[in-house]
$ cat entry_26.tsv   # TSV, C-alpha atoms
chain	number	residue	atom	x	y	z
A	1495	MET	CA	16.09	4.16	-22.22
A	1496	ARG	CA	15.26	6.42	-19.32
A	1497	ALA	CA	11.94	4.65	-18.77
A	1498	TRP	CA	13.80	1.31	-18.60
A	1499	SER	CA	16.27	2.47	-16.02
A	1500	LYS	CA	13.44	3.96	-14.01
A	1501	LEU	CA	11.60	0.64	-14.13
A	1502	LEU	CA	14.66	-1.41	-13.21
A	1503	SER	CA	15.66	0.80	-10.30
A	1504	ALA	CA	12.12	1.10	-8.91
A	1505	LYS	CA	11.75	0.27	-5.22
A	1506	GLU	CA	8.96	-2.14	-6.03
A	1507	TRP	CA	6.63	-3.12	-8.84
A	1508	SER	CA	2.88	-3.52	-8.81
A	1509	PRO	CA	2.15	-7.17	-7.94
A	1510	TYR	CA	0.33	-7.45	-11.28
A	1511	ILE	CA	3.45	-6.38	-13.20
A	1512	ALA	CA	5.84	-8.47	-11.11
A	1513	GLY	CA	3.46	-11.42	-11.39
A	1514	ALA	CA	3.23	-11.05	-15.17
A	1515	GLY	CA	7.03	-11.01	-15.16
A	1516	LEU	CA	7.04	-14.30	-13.26
A	1517	GLY	CA	4.61	-15.62	-15.86
A	1518	ILE	CA	7.11	-14.85	-18.62
A	1519	VAL	CA	9.94	-16.42	-16.61
A	1520	THR	CA	7.79	-19.52	-16.06
A	1521	THR	CA	6.99	-19.73	-19.78
A	1522	ILE	CA	10.71	-19.57	-20.65
A	1523	ALA	CA	11.58	-22.20	-18.04
A	1524	LEU	CA	8.85	-24.65	-19.07
A	1525	GLY	CA	9.05	-24.03	-22.81
A	1526	PRO	CA	12.57	-23.54	-24.17
A	1527	CYS	CA	14.39	-24.82	-21.06
A	1528	HIS	CA	11.97	-27.70	-20.48
A	1529	LYS	CA	12.37	-27.29	-16.71
A	1530	ARG	CA	10.10	-26.28	-13.86
A	1531	LEU	CA	10.97	-23.29	-11.70
A	1532	SER	CA	11.94	-24.43	-8.25
A	1533	GLY	CA	12.93	-23.28	-4.82
A	1534	ALA	CA	12.96	-26.52	-2.88
A	1535	GLY	CA	14.59	-28.58	-5.61
A	1536	ALA	CA	18.08	-27.20	-5.06
A	1537	TYR	CA	18.11	-28.47	-1.49
A	1538	GLN	CA	16.79	-31.88	-2.48
A	1539	ASP	CA	19.54	-32.18	-5.08
A	1540	LEU	CA	22.21	-31.26	-2.53
A	1541	SER	CA	20.75	-33.28	0.37
A	1542	GLY	CA	22.74	-36.37	-0.51
A	1543	TYR	CA	26.05	-34.86	0.58
A	1544	VAL	CA	24.91	-35.20	4.20
A	1545	GLY	CA	22.21	-37.80	3.66
A	1546	ARG	CA	24.47	-40.45	2.14
A	1547	ALA	CA	26.79	-40.17	5.14
A	1548	LEU	CA	23.87	-40.67	7.52
A	1549	ALA	CA	22.22	-43.48	5.55
A	1550	PRO	CA	24.72	-45.02	3.12
A	1551	LYS	CA	22.30	-47.70	1.93
A	1552	SER	CA	19.27	-45.44	1.42
A	1553	ILE	CA	17.48	-46.08	-1.85
A	1554	TYR	CA	16.52	-42.40	-1.89
A	1555	TRP	CA	19.96	-40.99	-2.63
A	1556	ARG	CA	20.96	-44.01	-4.66
A	1557	TYR	CA	18.05	-44.07	-7.12
A	1558	VAL	CA	15.46	-41.35	-6.51
A	1559	MET	CA	17.48	-38.22	-5.87
A	1560	PRO	CA	20.93	-38.36	-7.39
A	1561	THR	CA	23.07	-35.73	-5.75
A	1562	GLY	CA	24.92	-32.99	-7.51
A	1563	PHE	CA	25.01	-29.46	-8.82
A	1564	THR	CA	21.91	-29.64	-10.97
A	1565	TRP	CA	19.91	-27.14	-13.01
A	1566	GLU	CA	17.87	-26.40	-9.86
A	1567	VAL	CA	20.97	-25.56	-7.81
A	1568	TYR	CA	22.16	-23.01	-10.37
A	1569	LEU	CA	18.61	-21.70	-10.60
A	1570	PHE	CA	18.66	-21.13	-6.86
A	1571	LEU	CA	22.00	-19.30	-7.06
A	1572	GLY	CA	20.58	-17.19	-9.88
A	1573	THR	CA	17.51	-16.39	-7.78
A	1574	PHE	CA	19.75	-15.12	-5.00
A	1575	ALA	CA	21.76	-13.00	-7.46
A	1576	GLY	CA	18.63	-11.59	-9.10
A	1577	ALA	CA	17.18	-10.47	-5.79
A	1578	LEU	CA	20.55	-9.06	-4.77
A	1579	VAL	CA	20.95	-6.91	-7.89
A	1580	SER	CA	17.28	-5.90	-7.90
A	1581	SER	CA	17.42	-4.78	-4.26
A	1582	LEU	CA	20.74	-2.96	-4.80
A	1583	MET	CA	19.36	-1.08	-7.81
A	1584	GLY	CA	16.16	-0.26	-5.96
A	1585	GLY	CA	17.99	0.85	-2.84
A	1586	GLN	CA	16.32	-1.89	-0.82
A	1587	PHE	CA	19.40	-3.92	0.07
A	1588	LYS	CA	20.19	-3.89	3.76
A	1589	ILE	CA	21.79	-6.45	6.06
A	1590	ARG	CA	19.12	-7.41	8.59
A	1591	THR	CA	18.51	-10.20	11.07
A	1592	MET	CA	14.77	-9.65	11.57
A	1593	PRO	CA	11.68	-8.85	9.45
A	1594	ASP	CA	10.98	-5.13	9.01
A	1595	ALA	CA	7.43	-5.22	10.30
A	1596	GLN	CA	4.78	-7.12	12.23
A	1597	TRP	CA	6.82	-10.12	13.36
A	1598	SER	CA	7.69	-8.65	16.77
A	1599	SER	CA	4.07	-7.88	17.60
A	1600	VAL	CA	3.26	-11.58	17.45
A	1601	PHE	CA	6.48	-13.38	18.33
A	1602	GLY	CA	8.39	-10.75	20.31
A	1603	PRO	CA	11.57	-8.84	19.46
A	1604	SER	CA	14.09	-11.65	20.06
A	1605	PRO	CA	16.21	-12.47	16.99
A	1606	ALA	CA	17.12	-15.85	18.54
A	1607	ARG	CA	13.45	-16.76	18.64
A	1608	ARG	CA	12.95	-15.61	15.06
A	1609	TRP	CA	15.89	-17.68	13.88
A	1610	MET	CA	14.76	-20.81	15.74
A	1611	LEU	CA	11.26	-20.53	14.33
A	1612	VAL	CA	12.62	-19.84	10.84
A	1613	PHE	CA	14.74	-22.97	11.09
A	1614	ALA	CA	11.73	-25.07	12.17
A	1615	GLY	CA	9.44	-23.43	9.62
A	1616	THR	CA	11.75	-23.87	6.64
A	1617	MET	CA	12.38	-27.47	7.65
A	1618	LEU	CA	8.62	-28.00	7.51
A	1619	LEU	CA	8.38	-26.21	4.14
A	1620	GLU	CA	11.11	-28.32	2.56
A	1621	TYR	CA	9.55	-31.51	3.90
A	1622	ALA	CA	6.17	-30.35	2.59
A	1623	ALA	CA	7.69	-29.82	-0.87
A	1624	GLY	CA	9.01	-33.38	-0.77
A	1625	ILE	CA	5.74	-34.99	0.21
A	1626	GLY	CA	3.64	-32.72	-2.02
A	1627	GLY	CA	5.68	-33.22	-5.15
A	1628	GLY	CA	6.82	-29.61	-5.29
A	1629	CYS	CA	6.91	-26.20	-3.66
A	1630	THR	CA	5.11	-22.98	-4.48
A	1631	ALA	CA	7.41	-22.41	-7.47
A	1632	SER	CA	7.69	-25.93	-8.85
A	1633	LEU	CA	4.15	-27.12	-8.17
A	1634	ALA	CA	1.79	-24.15	-7.69
A	1635	VAL	CA	3.32	-21.89	-10.37
A	1636	SER	CA	5.05	-24.27	-12.79
A	1637	GLY	CA	2.47	-27.03	-12.35
A	1638	GLY	CA	-0.42	-24.58	-12.49
A	1639	ALA	CA	0.92	-22.99	-15.67
A	1640	ALA	CA	0.93	-26.44	-17.29
A	1641	LEU	CA	-2.57	-27.00	-15.86
A	1642	ALA	CA	-1.66	-29.95	-13.65
A	1643	PRO	CA	-4.60	-30.76	-11.35
A	1644	GLY	CA	-2.22	-31.36	-8.43
A	1645	ALA	CA	-1.13	-27.72	-8.54
A	1646	PHE	CA	-4.63	-26.50	-7.79
A	1647	VAL	CA	-5.09	-29.05	-5.01
A	1648	PHE	CA	-1.77	-27.85	-3.56
A	1649	MET	CA	-2.90	-24.20	-3.70
A	1650	ALA	CA	-6.23	-25.06	-2.07
A	1651	GLY	CA	-4.30	-26.72	0.76
A	1652	MET	CA	-1.95	-23.75	1.01
A	1653	PHE	CA	-4.73	-21.24	1.55
A	1654	GLY	CA	-6.87	-23.72	3.48
A	1655	ALA	CA	-4.18	-24.08	6.13
A	1656	GLY	CA	-2.54	-20.65	5.85
A	1657	ILE	CA	-5.68	-18.64	6.56
A	1658	PRO	CA	-6.59	-20.27	9.90
A	1659	VAL	CA	-2.95	-20.31	11.07
A	1660	ALA	CA	-2.43	-16.60	10.30
A	1661	ARG	CA	-5.74	-15.66	11.84
A	1662	GLY	CA	-4.98	-17.69	14.97
A	1663	LEU	CA	-1.56	-16.07	15.37
A	1664	TYR	CA	-2.94	-12.56	14.90
A	1665	ARG	CA	-6.22	-13.02	16.76
A	1666	ARG	CA	-5.29	-11.01	19.82
A	1667	LYS	CA	-2.96	-8.67	17.97
A	1668	GLY	CA	-5.67	-7.03	15.83
B	933	MET	CA	23.93	-28.82	-19.20
B	934	THR	CA	24.82	-25.24	-19.65
B	935	ILE	CA	25.15	-23.39	-16.37
B	936	LEU	CA	24.27	-20.04	-17.89
B	937	GLN	CA	20.67	-20.98	-18.66
B	938	PRO	CA	19.52	-21.76	-15.09
B	939	LEU	CA	21.53	-18.83	-13.75
B	940	LEU	CA	19.77	-16.42	-16.10
B	941	VAL	CA	16.30	-17.86	-15.51
B	942	GLY	CA	16.99	-17.82	-11.77
B	943	PHE	CA	18.21	-14.23	-11.99
B	944	ALA	CA	14.92	-13.14	-13.55
B	945	PHE	CA	12.98	-15.25	-11.02
B	946	GLY	CA	14.77	-13.61	-8.09
B	947	TRP	CA	14.33	-10.22	-9.70
B	948	VAL	CA	10.54	-10.41	-9.94
B	949	LEU	CA	10.25	-11.96	-6.46
B	950	GLN	CA	12.22	-9.03	-5.01
B	951	LYS	CA	10.33	-6.38	-6.98
B	952	GLY	CA	7.04	-8.01	-5.96
B	953	LYS	CA	8.07	-7.79	-2.28
B	954	LEU	CA	7.81	-11.56	-1.93
B	955	GLY	CA	11.04	-11.64	0.08
B	956	ARG	CA	9.32	-10.07	3.07
B	957	TYR	CA	7.64	-11.80	5.99
B	958	GLU	CA	4.73	-9.37	6.11
B	959	THR	CA	3.85	-9.67	2.40
B	960	ILE	CA	3.47	-13.43	2.66
B	961	VAL	CA	1.61	-13.58	5.97
B	962	ASN	CA	-0.80	-10.76	5.14
B	963	VAL	CA	-2.39	-12.53	2.18
B	964	PHE	CA	-3.71	-15.08	4.66
B	965	ARG	CA	-5.07	-12.27	6.86
B	966	PHE	CA	-6.67	-10.54	3.83
B	967	THR	CA	-4.89	-7.31	4.78
B	968	ASP	CA	-2.63	-7.29	1.68
B	969	LEU	CA	-3.53	-9.35	-1.36
B	970	ALA	CA	-0.23	-8.81	-3.21
B	971	VAL	CA	0.67	-12.52	-3.12
B	972	LEU	CA	-2.69	-13.48	-4.63
B	973	LYS	CA	-2.38	-10.85	-7.40
B	974	PHE	CA	1.22	-11.92	-8.06
B	975	LEU	CA	0.40	-15.64	-8.17
B	976	LEU	CA	-2.69	-15.35	-10.36
B	977	SER	CA	-1.01	-12.90	-12.77
B	978	ALA	CA	1.92	-15.28	-13.14
B	979	LEU	CA	-0.37	-18.27	-13.75
B	980	ALA	CA	-2.53	-16.41	-16.28
B	981	VAL	CA	0.44	-15.10	-18.29
B	982	ALA	CA	2.33	-18.41	-18.20
B	983	MET	CA	-0.75	-20.43	-19.23
B	984	LEU	CA	-1.34	-18.12	-22.18
B	985	GLY	CA	2.35	-18.08	-23.07
B	986	ILE	CA	2.69	-21.86	-23.09
B	987	GLN	CA	-0.61	-22.38	-24.89
B	988	SER	CA	0.35	-19.86	-27.60
B	989	LEU	CA	3.92	-21.09	-28.09
B	990	THR	CA	2.69	-24.69	-28.28
B	991	ALA	CA	-0.02	-23.78	-30.79
B	992	LEU	CA	2.53	-21.96	-32.92
B	993	GLY	CA	4.74	-25.03	-32.82
B	994	LEU	CA	7.60	-23.10	-31.22
B	995	ILE	CA	7.91	-25.39	-28.19
B	996	ASP	CA	7.36	-29.08	-27.51
B	997	ALA	CA	5.17	-30.43	-24.74
B	998	VAL	CA	6.15	-28.81	-21.44
B	999	PRO	CA	6.97	-30.78	-18.28
B	1000	VAL	CA	3.79	-31.30	-16.23
B	1001	ALA	CA	4.04	-31.67	-12.45
B	1002	GLN	CA	2.89	-35.00	-11.00
B	1003	THR	CA	-0.60	-35.22	-9.60
B	1004	PHE	CA	-1.12	-37.52	-6.62
B	1005	LEU	CA	-4.02	-35.94	-4.84
B	1006	LEU	CA	-3.36	-36.93	-1.22
B	1007	GLY	CA	0.32	-35.97	-1.34
B	1008	ASN	CA	-0.40	-32.70	-3.18
B	1009	LEU	CA	-2.98	-31.83	-0.54
B	1010	ILE	CA	-0.78	-32.71	2.47
B	1011	GLY	CA	2.12	-30.81	0.89
B	1012	GLY	CA	-0.12	-27.81	0.29
B	1013	LEU	CA	-1.49	-27.83	3.83
B	1014	LEU	CA	1.99	-28.05	5.41
B	1015	THR	CA	3.25	-25.36	3.04
B	1016	GLY	CA	0.37	-23.10	4.08
B	1017	VAL	CA	1.24	-23.62	7.75
B	1018	GLY	CA	4.89	-22.79	7.11
B	1019	MET	CA	4.10	-19.72	5.01
B	1020	ALA	CA	1.65	-18.24	7.49
B	1021	TRP	CA	3.94	-19.06	10.41
B	1022	VAL	CA	7.38	-17.82	9.35
B	1023	GLY	CA	6.47	-15.97	6.15
B	1024	PHE	CA	8.06	-17.60	3.15
B	1025	CYS	CA	8.24	-20.51	0.79
B	1026	PRO	CA	11.46	-22.18	-0.38
B	1027	GLY	CA	11.94	-19.90	-3.40
B	1028	THR	CA	11.46	-16.67	-1.49
B	1029	VAL	CA	14.20	-17.73	0.96
B	1030	ALA	CA	16.67	-17.08	-1.85
B	1031	ALA	CA	14.97	-13.79	-2.72
B	1032	GLY	CA	14.92	-12.57	0.89
B	1033	ALA	CA	18.55	-13.63	1.37
B	1034	GLY	CA	19.47	-11.58	-1.69
B	1035	GLU	CA	17.97	-8.50	-0.04
B	1036	GLY	CA	20.42	-8.92	2.82
B	1037	ARG	CA	18.24	-10.86	5.24
B	1038	LEU	CA	20.45	-13.08	7.36
B	1039	ASP	CA	17.54	-14.92	8.97
B	1040	TYR	CA	16.66	-16.14	5.45
B	1041	LEU	CA	20.22	-16.84	4.38
B	1042	ILE	CA	21.45	-18.68	7.48
B	1043	ALA	CA	18.49	-19.98	9.51
B	1044	GLY	CA	16.35	-20.47	6.41
B	1045	GLY	CA	19.09	-22.13	4.39
B	1046	LEU	CA	19.96	-24.53	7.22
B	1047	GLY	CA	16.29	-25.30	7.82
B	1048	LEU	CA	15.63	-26.07	4.16
B	1049	TYR	CA	18.69	-28.29	3.98
B	1050	THR	CA	17.76	-30.15	7.16
B	1051	GLY	CA	14.24	-30.60	5.85
B	1052	ALA	CA	15.57	-32.06	2.61
B	1053	VAL	CA	17.80	-34.52	4.49
B	1054	LEU	CA	14.94	-35.48	6.81
B	1055	PHE	CA	12.71	-36.09	3.83
B	1056	GLY	CA	15.35	-38.31	2.28
B	1057	LEU	CA	15.81	-40.30	5.48
B	1058	THR	CA	12.08	-40.91	5.93
B	1059	TYR	CA	11.36	-41.29	2.22
B	1060	PRO	CA	11.15	-45.12	2.01
B	1061	SER	CA	8.61	-45.41	4.83
B	1062	ILE	CA	6.37	-42.47	3.88
B	1063	TYR	CA	6.54	-41.23	0.32
B	1064	PRO	CA	5.66	-44.35	-1.73
B	1065	GLN	CA	2.54	-44.92	0.38
B	1066	VAL	CA	1.33	-41.34	-0.02
B	1067	ALA	CA	2.28	-41.04	-3.68
B	1068	THR	CA	0.37	-44.12	-4.78
B	1069	ILE	CA	-2.97	-42.83	-3.48
B	1070	ALA	CA	-5.05	-41.15	-6.20
B	1071	ASN	CA	-2.00	-40.92	-8.44
B	1072	LEU	CA	-2.94	-39.57	-11.85
B	1073	GLY	CA	0.65	-39.12	-12.94
B	1074	SER	CA	1.96	-36.39	-15.17
B	1075	VAL	CA	-1.35	-35.27	-16.62
B	1076	SER	CA	-2.96	-31.91	-17.45
B	1077	LEU	CA	-6.58	-30.87	-16.97
B	1078	MET	CA	-7.01	-30.98	-20.75
B	1079	GLN	CA	-5.91	-34.60	-20.96
B	1080	LEU	CA	-7.89	-35.56	-17.87
B	1081	PHE	CA	-11.21	-34.06	-18.97
B	1082	HIS	CA	-10.64	-34.12	-22.74
B	1083	VAL	CA	-11.15	-30.39	-23.12
B	1084	ASP	CA	-9.42	-27.89	-25.33
B	1085	GLY	CA	-6.48	-25.99	-23.86
B	1086	TRP	CA	-7.73	-22.62	-25.09
B	1087	LEU	CA	-11.02	-23.16	-23.27
B	1088	VAL	CA	-9.28	-23.78	-19.95
B	1089	VAL	CA	-6.89	-20.85	-20.40
B	1090	MET	CA	-9.66	-18.44	-21.38
B	1091	LEU	CA	-11.81	-19.58	-18.46
B	1092	PHE	CA	-8.91	-19.00	-16.09
B	1093	TRP	CA	-8.32	-15.53	-17.56
B	1094	GLU	CA	-11.99	-14.66	-17.19
B	1095	MET	CA	-12.15	-15.74	-13.56
B	1096	THR	CA	-8.85	-14.03	-12.75
B	1097	LEU	CA	-9.79	-10.72	-14.38
B	1098	LEU	CA	-13.17	-10.81	-12.67
B	1099	LEU	CA	-11.47	-11.33	-9.30
B	1100	PHE	CA	-8.93	-8.55	-9.97
B	1101	TYR	CA	-11.79	-6.24	-10.96
B	1102	ALA	CA	-13.64	-7.05	-7.74
B	1103	ILE	CA	-10.48	-6.48	-5.67
B	1104	GLU	CA	-9.72	-3.13	-7.30
B	1105	ARG	CA	-13.34	-2.00	-7.10
B	1106	GLY	CA	-13.21	-2.63	-3.38
B	1107	THR	CA	-15.60	-5.53	-3.19
B	1108	PHE	CA	-12.89	-7.45	-1.38
B	1109	ARG	CA	-11.07	-4.43	-0.03
B	1110	PRO	CA	-8.39	-5.45	2.43
B	1111	ARG	CA	-9.26	-4.37	5.92
B	1112	THR	CA	-7.13	-1.39	6.75
B	1113	ARG	CA	-5.46	-1.95	10.03
B	1114	PRO	CA	-2.34	-0.29	11.34
B	1115	LEU	CA	0.80	-2.29	10.74
B	1116	HIS	CA	2.54	-3.38	13.90
B	1117	VAL	CA	6.16	-2.41	13.61

$ encode --input "entry_26.tsv" --output "structure tokens"
Amino acid sequence: MRAWSKLLSAKEWSPYIAGAGLGIVTTIALGPCHKRLSGAGAYQDLSGYVGRALAPKSIYWRYVMPTGFTWEVYLFLGTFAGALVSSLMGGQFKIRTMPDAQWSSVFGPSPARRWMLVFAGTMLLEYAAGIGGGCTASLAVSGGAALAPGAFVFMAGMFGAGIPVARGLYRRKG
Amino acid sequence: MTILQPLLVGFAFGWVLQKGKLGRYETIVNVFRFTDLAVLKFLLSALAVAMLGIQSLTALGLIDAVPVAQTFLLGNLIGGLLTGVGMAWVGFCPGTVAAGAGEGRLDYLIAGGLGLYTGAVLFGLTYPSIYPQVATIANLGSVSLMQLFHVDGWLVVMLFWEMTLLLFYAIERGTFRPRTRPLHV
């Protein structure tokens, strides 16, 4: 009992342990629930509320992406709650507007700049999930676990682009 | 649809993301700089365990065929490349936005949430002129490596475990030791 509470209130877990935990979660989602884990999916499923007003005749929201509070939306809300409780129990919860480390050395200390870049970056990520057929959770992890070839192509692209971008940004910063 | 099921699965998903430090900018960006390989360890551990879990449960007849993500090579590649740019640039992927927001990060909750939503709307608006063209190129459909190459599932899973354990061993032995550089706070 004591060991459990120690584990649950730990500040952080080894990435191997946390990753194995994600593996179990993925197995439960794909197996019994018959659903892929997802981060981007919730936003796709809610996009119609604005999208249909902008483009009432669009085939996308009429046939491809029916709008509503789907499994993925509740999954996303659960994800938020899980991180909230985990960080509260581990003493990591803190209201912040900026990353704790590193960001300022590359992009400067301005929160406005951080927020603008976050907006642009997440827009890109969500668009990427649309065009790629999934995000890191729904394609790389859930697709990879089911051994879909596309998942490994996606991961190759992720590291293939991420490495040069990160290196470029940090080149002069050491 | 029961609401409880996705809420519980999501809760556990957010939990492991938070405990694995995936809700932090520096964790995500540093895997691409090879200064902290936590994301790689996390991702490969998850894949190895889930592959084994699904393979075992299927073999035991406890679960039916699992949903397999679509493979359309050009789209998967473009999506992966753009995702890599976004991750290395601002330090998250769509799922970790929820995890970071749960830790109390307002840049994730507000700017990230609005960005993801805008991206989803933009994708919907441009969908008819872009997606069908991309998705029809090298489209293999909902297929697994086993079906594609007519190999046994256990063989693929064991091979993946072998390669993953070998890589973890090399990382821990220091063959690929992350370069130790001071963190810029």

$ residues_near_point --input "entry_26.tsv" --point "(15.0, -16.9, -13.5)" --cutoff "12 Å" --atoms "all atoms listed in the file" --output "PDB file with C-alpha atoms, keeping the file's coordinate frame"
ATOM      1  CA  GLY A1515       7.030 -11.010 -15.160  1.00  0.00           C
ATOM      2  CA  LEU A1516       7.040 -14.300 -13.260  1.00  0.00           C
ATOM      3  CA  GLY A1517       4.610 -15.620 -15.860  1.00  0.00           C
ATOM      4  CA  ILE A1518       7.110 -14.850 -18.620  1.00  0.00           C
ATOM      5  CA  VAL A1519       9.940 -16.420 -16.610  1.00  0.00           C
ATOM      6  CA  THR A1520       7.790 -19.520 -16.060  1.00  0.00           C
ATOM      7  CA  THR A1521       6.990 -19.730 -19.780  1.00  0.00           C
ATOM      8  CA  ILE A1522      10.710 -19.570 -20.650  1.00  0.00           C
ATOM      9  CA  ALA A1523      11.580 -22.200 -18.040  1.00  0.00           C
ATOM     10  CA  LEU A1524       8.850 -24.650 -19.070  1.00  0.00           C
ATOM     11  CA  CYS A1527      14.390 -24.820 -21.060  1.00  0.00           C
ATOM     12  CA  LYS A1529      12.370 -27.290 -16.710  1.00  0.00           C
ATOM     13  CA  ARG A1530      10.100 -26.280 -13.860  1.00  0.00           C
ATOM     14  CA  LEU A1531      10.970 -23.290 -11.700  1.00  0.00           C
ATOM     15  CA  SER A1532      11.940 -24.430  -8.250  1.00  0.00           C
ATOM     16  CA  GLY A1533      12.930 -23.280  -4.820  1.00  0.00           C
ATOM     17  CA  TRP A1565      19.910 -27.140 -13.010  1.00  0.00           C
ATOM     18  CA  GLU A1566      17.870 -26.400  -9.860  1.00  0.00           C
ATOM     19  CA  VAL A1567      20.970 -25.560  -7.810  1.00  0.00           C
ATOM     20  CA  TYR A1568      22.160 -23.010 -10.370  1.00  0.00           C
ATOM     21  CA  LEU A1569      18.610 -21.700 -10.600  1.00  0.00           C
ATOM     22  CA  PHE A1570      18.660 -21.130  -6.860  1.00  0.00           C
ATOM     23  CA  LEU A1571      22.000 -19.300  -7.060  1.00  0.00           C
ATOM     24  CA  GLY A1572      20.580 -17.190  -9.880  1.00  0.00           C
ATOM     25  CA  THR A1573      17.510 -16.390  -7.780  1.00  0.00           C
ATOM     26  CA  PHE A1574      19.750 -15.120  -5.000  1.00  0.00           C
ATOM     27  CA  ALA A1575      21.760 -13.000  -7.460  1.00  0.00           C
ATOM     28  CA  GLY A1576      18.630 -11.590  -9.100  1.00  0.00           C
ATOM     29  CA  ALA A1577      17.180 -10.470  -5.790  1.00  0.00           C
ATOM     30  CA  ALA A1631       7.410 -22.410  -7.470  1.00  0.00           C
TER      31      ALA A1631
ATOM     32  CA  LEU B 936      24.270 -20.040 -17.890  1.00  0.00           C
ATOM     33  CA  GLN B 937      20.670 -20.980 -18.660  1.00  0.00           C
ATOM     34  CA  PRO B 938      19.520 -21.760 -15.090  1.00  0.00           C
ATOM     35  CA  LEU B 939      21.530 -18.830 -13.750  1.00  0.00           C
ATOM     36  CA  LEU B 940      19.770 -16.420 -16.100  1.00  0.00           C
ATOM     37  CA  VAL B 941      16.300 -17.860 -15.510  1.00  0.00           C
ATOM     38  CA  GLY B 942      16.990 -17.820 -11.770  1.00  0.00           C
ATOM     39  CA  PHE B 943      18.210 -14.230 -11.990  1.00  0.00           C
ATOM     40  CA  ALA B 944      14.920 -13.140 -13.550  1.00  0.00           C
ATOM     41  CA  PHE B 945      12.980 -15.250 -11.020  1.00  0.00           C
ATOM     42  CA  GLY B 946      14.770 -13.610  -8.090  1.00  0.00           C
ATOM     43  CA  TRP B 947      14.330 -10.220  -9.700  1.00  0.00           C
ATOM     44  CA  VAL B 948      10.540 -10.410  -9.940  1.00  0.00           C
ATOM     45  CA  LEU B 949      10.250 -11.960  -6.460  1.00  0.00           C
ATOM     46  CA  GLN B 950      12.220  -9.030  -5.010  1.00  0.00           C
ATOM     47  CA  GLY B1027      11.940 -19.900  -3.400  1.00  0.00           C
ATOM     48  CA  ALA B1030      16.670 -17.080  -1.850  1.00  0.00           C
ATOM     49  CA  ALA B1031      14.970 -13.790  -2.720  1.00  0.00           C
TER      50      ALA B1031
END

$ closest_residue --input "entry_26.tsv" --among "A:Leu1540, A:Met1592, A:Met1495, A:Leu1619" --to "Tyr957 in chain B" --atoms "all atoms listed in the file"
A:Met1592

$ atom_distance --input "entry_26.tsv" --atom1 "CA of Phe1563 in chain A" --atom2 "CA of His1528 in chain A"
17.6 Å

$ closest_residue --input "entry_26.tsv" --among "A:Ala1547, A:Leu1618, A:Met1652, A:Leu1501" --to "Ala1634 in chain A" --atoms "only C-alpha atoms"
A:Met1652

$ atom_distance --input "entry_26.tsv" --atom1 "CA of Ile995 in chain B" --atom2 "CA of Met1078 in chain B"
17.6 Å

$ atom_distance --input "entry_26.tsv" --atom1 "CA of Asp1539 in chain A" --atom2 "CA of Gly1044 in chain B"
16.7 Å

$ residues_around --input "entry_26.tsv" --residues "Tyr1049 in chain B" --least-positions-apart "2" --cutoff "8 Å" --atoms "all atoms listed in the file" --output "PyMOL selection string"
(chain A and resi 1537-1538+1540-1541+1617+1620) or (chain B and resi 1045-1047+1051-1053)

$ closest_residue --input "entry_26.tsv" --among "A:Trp1498, A:Tyr1664, A:Phe1646, A:Trp1507" --to "chain B" --atoms "all atoms listed in the file"
A:Trp1507

$ closest_residue --input "entry_26.tsv" --among "A:Gly1628, A:Leu1548, A:Gly1637, A:Ala1534" --to "Thr1028 in chain B" --atoms "only C-alpha atoms"
A:Ala1534

$ residues_around --input "entry_26.tsv" --residues "Leu1038 in chain B" --least-positions-apart "2" --cutoff "10 Å" --atoms "only C-alpha atoms" --output "list in words"
Lys1588, Ile1589, Arg1590, Thr1591, Met1592, Pro1593 and Trp1609 of chain A; Gly1032, Ala1033, Gly1034, Glu1035, Gly1036, Tyr1040, Leu1041, Ile1042, Ala1043, Gly1044 and Gly1045 of chain B

$ closest_residue --input "entry_26.tsv" --among "A:Ala1642, A:Met1610, A:Ala1595, A:Leu1582" --to "Gly1627 in chain A" --atoms "all atoms listed in the file"
A:Ala1642

$ closest_residue --input "entry_26.tsv" --among "A:Ile1657, A:Ala1606, A:Val1600, A:Ala1504" --to "chain B" --atoms "only C-alpha atoms"
A:Ile1657

$ build_atoms --input "entry_26.tsv" --residues "range 1496-1502 of chain A" --atoms "N, CA and C atoms" --output "tab-separated table (two decimals), in the frame of the given file"
chain	number	residue	atom	x	y	z
A	1496	ARG	N	15.45	5.86	-20.65
A	1496	ARG	CA	15.26	6.42	-19.32
A	1496	ARG	C	14.12	5.68	-18.60
A	1497	ALA	N	13.07	5.37	-19.37
A	1497	ALA	CA	11.94	4.65	-18.77
A	1497	ALA	C	12.40	3.29	-18.25
A	1498	TRP	N	13.29	2.62	-19.02
A	1498	TRP	CA	13.80	1.31	-18.60
A	1498	TRP	C	14.56	1.40	-17.29
A	1499	SER	N	15.46	2.37	-17.22
A	1499	SER	CA	16.27	2.47	-16.02
A	1499	SER	C	15.41	2.84	-14.82
A	1500	LYS	N	14.36	3.61	-15.09
A	1500	LYS	CA	13.44	3.96	-14.01
A	1500	LYS	C	12.71	2.70	-13.51
A	1501	LEU	N	12.31	1.87	-14.48
A	1501	LEU	CA	11.60	0.64	-14.13
A	1501	LEU	C	12.51	-0.31	-13.35
A	1502	LEU	N	13.74	-0.45	-13.83
A	1502	LEU	CA	14.66	-1.41	-13.21
A	1502	LEU	C	15.12	-0.97	-11.83
